[in-house]
file structure00.tsv (TSV, C-alpha atoms)
chain	number	residue	atom	x	y	z
A	509	MET	CA	-9.60	120.25	-108.45
A	510	ARG	CA	-10.68	123.87	-108.13
A	511	GLN	CA	-11.49	123.69	-104.45
A	512	PRO	CA	-7.99	122.50	-103.35
A	513	ALA	CA	-6.44	124.99	-105.77
A	514	GLN	CA	-8.51	127.80	-104.29
A	515	MET	CA	-7.46	126.80	-100.78
A	516	ILE	CA	-3.78	126.78	-101.77
A	517	PHE	CA	-4.20	130.14	-103.48
A	518	VAL	CA	-5.85	131.73	-100.43
A	519	VAL	CA	-3.30	130.34	-97.96
A	520	SER	CA	-0.35	131.39	-100.15
A	521	ALA	CA	-1.79	134.87	-100.67
A	522	ALA	CA	-2.47	135.21	-96.93
A	523	LEU	CA	1.09	134.23	-96.04
A	524	LEU	CA	2.54	136.67	-98.57
A	525	PHE	CA	0.30	139.41	-97.23
A	526	TYR	CA	1.36	138.63	-93.67
A	527	VAL	CA	5.08	138.64	-94.49
A	528	TYR	CA	5.12	141.92	-96.38
A	529	VAL	CA	2.16	143.85	-94.94
A	530	GLY	CA	0.51	142.18	-91.96
A	531	TYR	CA	3.63	141.70	-89.84
A	532	PRO	CA	4.97	145.26	-90.35
A	533	LEU	CA	1.50	146.73	-89.62
A	534	LEU	CA	1.25	144.63	-86.48
A	535	LEU	CA	4.64	145.91	-85.33
A	536	ILE	CA	3.71	149.51	-86.04
A	537	GLY	CA	0.45	149.12	-84.15
A	538	LEU	CA	2.14	147.54	-81.12
A	539	SER	CA	4.93	150.12	-81.14
A	540	ARG	CA	2.39	152.94	-80.85
A	541	LEU	CA	1.11	151.39	-77.64
A	542	ARG	CA	4.55	151.72	-76.10
A	543	PRO	CA	5.82	155.03	-74.72
A	544	ARG	CA	8.56	156.47	-76.88
A	545	GLY	CA	11.92	155.84	-75.23
A	546	ARG	CA	14.08	158.81	-74.38
A	547	ARG	CA	17.69	158.44	-75.39
A	548	GLY	CA	20.05	160.21	-73.05
A	549	SER	CA	22.41	162.87	-74.34
A	550	GLY	CA	26.13	162.68	-73.74
A	551	GLY	CA	27.74	159.47	-72.63
A	552	GLU	CA	31.10	158.97	-74.31
A	553	PRO	CA	32.48	155.48	-73.74
A	554	MET	CA	35.74	154.42	-75.34
A	555	LEU	CA	34.95	153.25	-78.89
A	556	SER	CA	36.86	150.90	-81.15
A	557	VAL	CA	35.80	151.18	-84.80
A	558	LEU	CA	36.59	147.92	-86.60
A	559	ILE	CA	36.82	148.28	-90.38
A	560	ALA	CA	36.81	144.98	-92.28
A	561	ALA	CA	38.86	145.23	-95.45
A	562	HIS	CA	40.09	143.00	-98.25
A	563	ASN	CA	41.92	144.68	-101.15
A	564	GLU	CA	40.46	148.12	-100.44
A	565	GLU	CA	43.33	150.30	-101.68
A	566	SER	CA	40.92	152.52	-103.60
A	567	SER	CA	38.78	153.41	-100.59
A	568	ILE	CA	40.62	152.77	-97.31
A	569	LYS	CA	42.34	156.17	-97.08
A	570	ARG	CA	39.07	158.00	-97.66
A	571	LYS	CA	37.37	155.79	-95.09
A	572	LEU	CA	40.06	156.44	-92.46
A	573	ASP	CA	40.01	160.20	-93.04
A	574	ALA	CA	36.22	160.24	-92.75
A	575	THR	CA	36.22	158.10	-89.58
A	576	LEU	CA	38.89	160.19	-87.83
A	577	SER	CA	36.93	163.37	-88.62
A	578	LEU	CA	33.69	162.13	-87.02
A	579	GLU	CA	32.43	164.18	-84.09
A	580	TYR	CA	33.63	162.10	-81.16
A	581	PRO	CA	36.35	162.83	-78.55
A	582	ALA	CA	39.71	161.95	-80.08
A	583	ASP	CA	41.00	160.41	-76.84
A	584	LYS	CA	38.06	158.00	-76.75
A	585	LEU	CA	38.33	156.64	-80.25
A	586	GLU	CA	40.55	154.03	-81.87
A	587	VAL	CA	40.29	152.69	-85.40
A	588	LEU	CA	41.31	149.15	-86.28
A	589	VAL	CA	41.64	148.15	-89.92
A	590	LEU	CA	41.08	144.41	-90.16
A	591	SER	CA	42.95	143.51	-93.32
A	592	ASP	CA	41.87	140.02	-94.28
A	593	GLY	CA	44.72	138.70	-96.40
A	594	SER	CA	44.83	141.80	-98.62
A	595	THR	CA	47.19	141.46	-101.59
A	596	ASP	CA	47.06	145.07	-102.84
A	597	ARG	CA	48.31	148.28	-101.17
A	598	THR	CA	45.66	148.31	-98.40
A	599	ASP	CA	48.12	147.49	-95.61
A	600	GLU	CA	50.74	149.93	-96.89
A	601	ILE	CA	48.23	152.78	-97.03
A	602	VAL	CA	47.06	152.10	-93.47
A	603	ARG	CA	50.65	152.02	-92.15
A	604	LEU	CA	51.30	155.43	-93.71
A	605	VAL	CA	48.53	157.06	-91.64
A	606	ALA	CA	50.30	159.07	-88.95
A	607	ASP	CA	47.42	159.20	-86.49
A	608	PRO	CA	48.26	156.97	-83.46
A	609	ARG	CA	44.59	156.04	-83.11
A	610	VAL	CA	44.81	153.91	-86.26
A	611	ARG	CA	46.07	150.33	-86.02
A	612	LEU	CA	46.44	147.67	-88.68
A	613	ILE	CA	45.47	144.12	-87.76
A	614	ARG	CA	46.24	141.66	-90.52
A	615	THR	CA	44.82	138.15	-90.64
A	616	GLU	CA	46.73	135.60	-92.66
A	617	PRO	CA	45.71	133.37	-94.33
A	618	ARG	CA	42.50	134.98	-95.43
A	619	GLY	CA	39.69	133.77	-93.20
A	620	GLY	CA	36.70	135.98	-94.03
A	621	LYS	CA	35.00	138.98	-92.50
A	622	THR	CA	33.63	137.28	-89.38
A	623	ASN	CA	37.02	135.71	-88.64
A	624	ALA	CA	38.70	139.12	-88.99
A	625	GLN	CA	36.13	140.66	-86.65
A	626	ASN	CA	36.82	137.96	-84.06
A	627	ARG	CA	40.51	138.88	-84.18
A	628	GLY	CA	39.75	142.59	-83.99
A	629	ALA	CA	37.46	142.15	-80.98
A	630	ARG	CA	40.25	140.38	-79.10
A	631	GLU	CA	42.69	143.23	-79.70
A	632	ALA	CA	40.33	146.20	-79.32
A	633	ARG	CA	40.69	148.47	-76.29
A	634	GLY	CA	37.31	150.17	-76.42
A	635	ASP	CA	34.35	149.43	-74.20
A	636	ILE	CA	32.14	149.49	-77.30
A	637	LEU	CA	32.97	147.82	-80.62
A	638	VAL	CA	31.63	149.52	-83.76
A	639	PHE	CA	31.67	147.44	-86.95
A	640	SER	CA	32.01	149.09	-90.33
A	641	ASP	CA	32.99	148.44	-93.95
A	642	ALA	CA	35.65	150.19	-95.96
A	643	THR	CA	33.22	151.85	-98.38
A	644	THR	CA	30.58	152.99	-95.91
A	645	ILE	CA	30.30	156.69	-95.09
A	646	TYR	CA	28.98	157.70	-91.66
A	647	HIS	CA	27.04	160.80	-90.74
A	648	SER	CA	29.23	163.11	-88.66
A	649	GLN	CA	27.15	162.43	-85.52
A	650	ALA	CA	26.80	158.66	-86.05
A	651	LEU	CA	29.20	157.56	-83.32
A	652	ARG	CA	27.67	159.93	-80.76
A	653	ARG	CA	24.19	158.63	-81.59
A	654	LEU	CA	25.28	155.02	-81.19
A	655	ALA	CA	27.18	155.67	-77.96
A	656	ALA	CA	24.35	157.58	-76.25
A	657	ASN	CA	22.22	154.43	-76.11
A	658	TYR	CA	24.73	152.66	-73.88
A	659	GLN	CA	23.80	154.85	-70.94
A	660	ASP	CA	21.03	152.29	-70.49
A	661	PRO	CA	22.73	149.27	-68.84
A	662	ARG	CA	20.12	146.96	-70.38
A	663	VAL	CA	21.37	147.75	-73.89
A	664	GLY	CA	23.95	145.30	-75.17
A	665	ALA	CA	24.07	146.25	-78.85
A	666	VAL	CA	22.98	149.15	-81.04
A	667	SER	CA	22.35	149.18	-84.78
A	668	GLY	CA	22.57	152.24	-86.96
A	669	ARG	CA	20.55	152.89	-90.09
A	670	TYR	CA	21.38	152.09	-93.72
A	671	GLN	CA	20.72	154.73	-96.33
A	672	TYR	CA	21.41	153.40	-99.81
A	673	PHE	CA	21.95	155.58	-102.87
A	674	ASP	CA	22.37	154.92	-106.57
A	675	ALA	CA	25.24	157.26	-107.46
A	676	ALA	CA	25.15	156.73	-111.21
A	677	GLY	CA	21.37	156.46	-111.31
A	678	ASP	CA	21.48	153.45	-113.63
A	679	SER	CA	21.49	150.40	-111.33
A	680	PRO	CA	18.72	148.00	-112.50
A	681	THR	CA	18.01	147.09	-108.87
A	682	GLY	CA	18.87	150.45	-107.32
A	683	LEU	CA	15.38	151.74	-106.57
A	684	GLY	CA	14.31	148.34	-105.29
A	685	SER	CA	17.28	148.21	-102.94
A	686	ILE	CA	16.63	151.72	-101.63
A	687	ALA	CA	12.93	151.00	-101.09
A	688	PHE	CA	13.68	147.64	-99.47
A	689	TRP	CA	16.06	149.11	-96.90
A	690	ASN	CA	13.73	151.98	-96.08
A	691	TYR	CA	11.09	149.31	-95.46
A	692	GLU	CA	13.52	147.26	-93.32
A	693	ASN	CA	14.48	150.34	-91.32
A	694	SER	CA	10.81	150.96	-90.51
A	695	ILE	CA	10.48	147.40	-89.23
A	696	LYS	CA	13.60	147.75	-87.07
A	697	GLN	CA	12.31	151.05	-85.67
A	698	ALA	CA	9.07	149.39	-84.57
A	699	GLN	CA	10.82	146.29	-83.20
A	700	SER	CA	13.15	148.44	-81.15
A	701	ARG	CA	10.37	150.53	-79.69
A	702	ILE	CA	8.43	147.41	-78.62
A	703	ALA	CA	11.32	145.44	-77.08
A	704	THR	CA	14.39	144.49	-79.13
A	705	ILE	CA	15.48	144.10	-82.72
A	706	THR	CA	16.83	140.75	-83.89
A	707	GLY	CA	19.40	141.83	-86.46
A	708	CYS	CA	21.63	144.81	-87.14
A	709	CYS	CA	22.77	146.75	-90.20
A	710	GLY	CA	26.08	145.15	-91.16
A	711	CYS	CA	28.12	148.26	-91.86
A	712	ILE	CA	27.00	150.25	-88.80
A	713	TYR	CA	26.34	148.34	-85.62
A	714	SER	CA	27.95	148.17	-82.21
A	715	VAL	CA	28.28	145.75	-79.30
A	716	ARG	CA	29.60	146.00	-75.76
A	717	ARG	CA	33.05	144.42	-75.90
A	718	ASP	CA	32.39	142.22	-72.88
A	719	LEU	CA	29.28	140.81	-74.60
A	720	TYR	CA	30.97	140.01	-77.92
A	721	THR	CA	30.74	136.33	-78.89
A	722	GLU	CA	33.30	134.78	-81.22
A	723	LEU	CA	31.44	133.27	-84.17
A	724	ASN	CA	32.29	130.63	-86.74
A	725	PRO	CA	33.70	132.22	-89.91
A	726	ASP	CA	30.77	130.97	-92.04
A	727	ILE	CA	28.17	132.82	-89.95
A	728	ILE	CA	26.98	136.34	-90.73
A	729	SER	CA	27.90	138.47	-87.75
A	730	ASP	CA	25.42	141.35	-88.02
A	731	LEU	CA	22.50	138.92	-87.66
A	732	VAL	CA	23.92	136.42	-85.17
A	733	GLN	CA	26.03	138.66	-82.92
A	734	PRO	CA	22.91	140.60	-81.76
A	735	LEU	CA	21.10	137.30	-81.16
A	736	TRP	CA	23.85	136.19	-78.79
A	737	VAL	CA	23.51	139.52	-76.99
A	738	ILE	CA	19.80	138.76	-76.53
A	739	GLN	CA	20.57	135.27	-75.27
A	740	LYS	CA	22.79	136.85	-72.62
A	741	GLY	CA	19.83	138.82	-71.30
A	742	PHE	CA	20.40	142.21	-72.95
A	743	LYS	CA	18.43	144.05	-75.61
A	744	VAL	CA	19.43	145.33	-79.02
A	745	VAL	CA	18.15	148.74	-80.11
A	746	PHE	CA	17.87	150.58	-83.39
A	747	GLU	CA	19.25	154.11	-83.57
A	748	SER	CA	17.65	155.77	-86.60
A	749	GLU	CA	19.83	158.89	-86.31
A	750	ALA	CA	23.10	156.95	-86.64
A	751	MET	CA	23.23	157.05	-90.43
A	752	ALA	CA	25.49	155.09	-92.75
A	753	TYR	CA	25.51	155.74	-96.49
A	754	GLU	CA	26.24	152.93	-98.92
A	755	GLU	CA	26.05	152.70	-102.71
A	756	THR	CA	23.70	150.12	-104.21
A	757	THR	CA	25.03	147.26	-106.27
A	758	ARG	CA	25.57	148.08	-109.91
A	759	SER	CA	24.19	145.01	-111.66
A	760	THR	CA	21.65	142.24	-111.17
A	761	ALA	CA	24.40	139.61	-111.09
A	762	GLU	CA	26.20	141.53	-108.37
A	763	GLU	CA	23.02	141.87	-106.31
A	764	PHE	CA	22.18	138.19	-106.74
A	765	SER	CA	25.66	136.99	-105.77
A	766	MET	CA	25.69	139.19	-102.69
A	767	ARG	CA	22.21	138.06	-101.60
A	768	VAL	CA	23.04	134.37	-101.96
A	769	ARG	CA	26.12	134.78	-99.78
A	770	VAL	CA	24.33	136.86	-97.14
A	771	VAL	CA	21.19	134.70	-96.94
A	772	THR	CA	23.12	131.40	-96.83
A	773	ARG	CA	25.28	132.73	-93.99
A	774	GLY	CA	22.14	134.05	-92.28
A	775	MET	CA	20.37	130.71	-92.49
A	776	ARG	CA	23.39	128.92	-91.09
A	777	GLY	CA	23.64	131.55	-88.38
A	778	LEU	CA	20.07	131.01	-87.20
A	779	LEU	CA	20.81	127.30	-86.85
A	780	SER	CA	23.49	128.24	-84.31
A	781	VAL	CA	21.03	130.02	-81.99
A	782	GLY	CA	18.32	127.39	-81.77
A	783	ASP	CA	17.50	128.33	-78.19
A	784	LEU	CA	15.84	131.52	-79.44
A	785	PHE	CA	13.30	129.44	-81.39
A	786	LYS	CA	11.84	128.06	-78.15
A	787	PRO	CA	8.67	130.16	-77.70
A	788	TRP	CA	8.32	129.19	-74.06
A	789	LYS	CA	11.70	130.80	-73.35
A	790	HIS	CA	11.85	133.68	-75.86
A	791	PRO	CA	8.29	134.21	-77.16
A	792	TRP	CA	8.76	137.67	-78.66
A	793	VAL	CA	12.15	136.97	-80.23
A	794	CYS	CA	10.94	133.65	-81.63
A	795	PHE	CA	7.91	135.38	-83.14
A	796	GLN	CA	10.13	138.00	-84.78
A	797	LEU	CA	12.61	135.49	-86.19
A	798	VAL	CA	9.88	133.31	-87.68
A	799	SER	CA	7.93	136.27	-89.10
A	800	HIS	CA	10.82	138.38	-90.31
A	801	LYS	CA	13.39	135.77	-91.32
A	802	VAL	CA	12.07	132.23	-91.75
A	803	LEU	CA	8.83	133.13	-93.52
A	804	ARG	CA	10.62	135.78	-95.59
A	805	TRP	CA	13.05	133.16	-96.86
A	806	LEU	CA	10.11	130.88	-97.71
A	807	VAL	CA	8.42	133.54	-99.86
A	808	PRO	CA	9.58	131.87	-103.13
A	809	VAL	CA	7.63	128.75	-102.14
A	810	PHE	CA	4.51	130.83	-101.51
A	811	LEU	CA	4.96	132.63	-104.84
A	812	VAL	CA	5.22	129.38	-106.82
A	813	LEU	CA	2.17	127.92	-105.07
A	814	LEU	CA	0.24	131.13	-105.72
A	815	LEU	CA	0.99	131.01	-109.43
A	816	LEU	CA	0.39	127.30	-109.92
A	817	SER	CA	-2.86	127.29	-107.95
A	818	ASN	CA	-4.08	130.31	-109.89
A	819	ILE	CA	-3.90	128.57	-113.27
A	820	PRO	CA	-6.85	126.13	-112.85
A	821	LEU	CA	-8.93	128.95	-111.37
A	822	ALA	CA	-8.38	131.38	-114.24
A	823	LEU	CA	-11.84	130.88	-115.77
A	824	LYS	CA	-13.30	133.06	-113.02
A	825	PRO	CA	-12.87	136.81	-113.60
A	826	PHE	CA	-11.17	137.56	-110.28
A	827	PHE	CA	-8.63	134.76	-110.70
A	828	ALA	CA	-8.09	135.68	-114.34
A	829	PHE	CA	-7.13	139.15	-113.13
A	830	THR	CA	-4.75	137.86	-110.41
A	831	LEU	CA	-3.09	135.52	-112.92
A	832	ALA	CA	-2.63	138.36	-115.39
A	833	VAL	CA	-1.09	140.56	-112.68
A	834	GLN	CA	1.38	137.83	-111.73
A	835	ILE	CA	2.37	137.14	-115.34
A	836	LEU	CA	2.80	140.85	-116.05
A	837	PHE	CA	4.96	141.28	-112.93
A	838	TYR	CA	7.30	138.45	-113.93
A	839	LEU	CA	7.42	139.64	-117.54
A	840	LEU	CA	8.53	143.07	-116.35
A	841	ALA	CA	11.31	141.40	-114.36
A	842	VAL	CA	12.46	139.46	-117.43
A	843	VAL	CA	12.37	142.54	-119.65
A	844	ALA	CA	14.27	144.58	-117.06
A	845	LYS	CA	16.90	141.85	-116.96
A	846	VAL	CA	17.60	142.05	-120.70
A	847	ALA	CA	16.83	145.73	-121.41
A	848	PRO	CA	17.49	148.90	-119.37
A	849	ILE	CA	13.82	149.89	-118.99
A	850	HIS	CA	14.57	151.17	-115.47
A	851	ARG	CA	16.38	154.12	-117.04
A	852	THR	CA	13.07	155.28	-118.52
A	853	TRP	CA	11.14	154.85	-115.28
A	854	LYS	CA	12.99	153.59	-112.21
A	855	VAL	CA	9.98	151.82	-110.71
A	856	LEU	CA	10.16	149.31	-113.58
A	857	GLY	CA	13.27	147.89	-111.93
A	858	VAL	CA	11.38	146.91	-108.74
A	859	PRO	CA	10.02	143.58	-110.09
A	860	LEU	CA	13.56	142.59	-111.07
A	861	PHE	CA	14.87	143.40	-107.58
A	862	PHE	CA	12.02	141.45	-105.97
A	863	CYS	CA	12.66	138.40	-108.17
A	864	THR	CA	16.41	138.63	-107.63
A	865	LEU	CA	15.88	138.71	-103.87
A	866	ASN	CA	13.68	135.63	-103.89
A	867	ALA	CA	15.71	133.70	-106.44
A	868	ALA	CA	18.69	134.22	-104.14
A	869	ALA	CA	16.67	132.77	-101.24
A	870	VAL	CA	15.95	129.62	-103.29
A	871	VAL	CA	19.61	129.17	-104.18
A	872	SER	CA	20.59	129.81	-100.54
A	873	LEU	CA	18.25	127.07	-99.32
A	874	ILE	CA	19.83	124.68	-101.82
A	875	ARG	CA	23.37	125.71	-100.82
A	876	LEU	CA	22.50	125.26	-97.14
A	877	TRP	CA	21.11	121.78	-97.83
A	878	GLN	CA	24.27	120.94	-99.81
A	879	GLY	CA	26.40	122.06	-96.87
A	880	GLN	CA	28.12	124.87	-98.76
A	881	ARG	CA	29.77	127.47	-96.55
A	882	TYR	CA	30.75	131.06	-97.31
A	883	THR	CA	33.62	132.42	-95.24
A	884	VAL	CA	35.51	134.88	-97.44
A	885	TRP	CA	33.88	137.68	-99.37
A	886	GLN	CA	34.72	139.57	-102.52
A	887	PRO	CA	34.03	143.33	-102.42
A	888	SER	CA	31.34	143.86	-105.04
A	889	ARG	CA	33.20	146.58	-106.90
A	890	ASN	CA	36.01	144.06	-107.52
A	891	GLN	CA	33.71	141.45	-109.03
A	892	SER	CA	33.41	141.11	-112.78
A	893	LEU	CA	30.10	142.60	-113.77
call {"tool": "encode", "arguments": {"input": "structure00.tsv", "output": "structure tokens"}}
result
Amino acid sequence: MRQPAQMIFVVSAALLFYVYVGYPLLLIGLSRLRPRGRRGSGGEPMLSVLIAAHNEESSIKRKLDATLSLEYPADKLEVLVLSDGSTDRTDEIVRLVADPRVRLIRTEPRGGKTNAQNRGAREARGDILVFSDATTIYHSQALRRLAANYQDPRVGAVSGRYQYFDAAGDSPTGLGSIAFWNYENSIKQAQSRIATITGCCGCIYSVRRDLYTELNPDIISDLVQPLWVIQKGFKVVFESEAMAYEETTRSTAEEFSMRVRVVTRGMRGLLSVGDLFKPWKHPWVCFQLVSHKVLRWLVPVFLVLLLLSNIPLALKPFFAFTLAVQILFYLLAVVAKVAPIHRTWKVLGVPLFFCTLNAAAVVSLIRLWQGQRYTVWQPSRNQSL
């Protein structure tokens, strides 16, 4: 029994290593073989900033003021608030904004974020569509940094960079979320330098209007919209200097709920672009999607196999050590779930974030198999914690 168990252990460990370490290192190595691209300065196409909103009365005015104050020519900027069936004062607040660059586009009945974005894209006047959320704060130069990349006619979409912060400093998954997105940003930077990225940051990404593809409401747009751009023969680049600041979720339940929704929509979205999984047609993109998405979502399977195969091997010192490390890691996650140990030392919240992330992937796989679809979203600050 030990020999099959050892084989399962080695294969599972190798796959986990590849997903989290091997693949990123490979990207970094390949990216250093490519000459660093030179982004042009200037270039000011007409931009339409599309802000998806549902019951955002507490933040929409601040978001509009911040967007209108960004450093971009006023005559080349319009702001569309996509109010998706809001029932609070969101629409009223938008209508009171005197700036003619601001327009309210209301969708009724509520159809979800992707549906609202489809409507906004049809009514936008800009050459470039920039997608944002009502709570996201942009760096003052973010729009200029995004727009400069479109001087290259081969570029069809540009993603900005997430920078998460834990405002109160007490989120149990805050440090994990910040570390995770810094890690993801590094991967996107390397992907972009080699050829193209395969997914954008949801609250700061842009697409040429004439390349926008209307998507089904149950598909996550920031992953699938760039993939359609690639299918049309253009590349998607990552602009690390176009910064967007977003607060981390405030509870484990909130993080889990959000991850299940996002991953389920992402899985369904990948099913809609099956052509990109044909390695003879799109070898590099297929490799990225399998390595960065499919295998990442299968990590919970590898983790379970690693633990179960380790048990019959535990009489050997090395495997006794690896089993102890795994048990300790999961115990820390359980303790962090029931007690605020992260407030003593933030790094103690990382195991909980990791387990939350992978538990959400398991639930998402089940929901996908059951045929469950997510179209509407609930802003996390409005959820019961």
call {"tool": "atom_distance", "arguments": {"input": "structure00.tsv", "atom1": "atom CA of Gly857 of chain A", "atom2": "atom CA of Glu762 of chain A"}}
result
14.8 Å
call {"tool": "atom_distance", "arguments": {"input": "structure00.tsv", "atom1": "atom CA of Ile727 of chain A", "atom2": "atom CA of Phe861 of chain A"}}
result
24.5 Å
call {"tool": "atom_distance", "arguments": {"input": "structure00.tsv", "atom1": "atom CA of Arg630 of chain A", "atom2": "atom CA of Leu654 of chain A"}}
result
21.0 Å
call {"tool": "residues_around", "arguments": {"input": "structure00.tsv", "residues": "segment 604-606 of chain A", "least_positions_apart": "2", "cutoff": "12 Å", "atoms": "only C-alpha atoms", "output": "VMD selection string"}}
result
chain A and resid 568 to 573 576 587 to 589 597 to 602 608 to 612
call {"tool": "residues_around", "arguments": {"input": "structure00.tsv", "residues": "Leu578 of chain A", "least_positions_apart": "4", "cutoff": "7 Å", "atoms": "all atoms listed in the file", "output": "ChimeraX atom specification"}}
result
/A:574,648-649
call {"tool": "closest_residue", "arguments": {"input": "structure00.tsv", "among": "A:Ile695, A:Val557, A:Ile705, A:Val812", "to": "Val793 of chain A", "atoms": "all atoms listed in the file"}}
result
A:Ile705
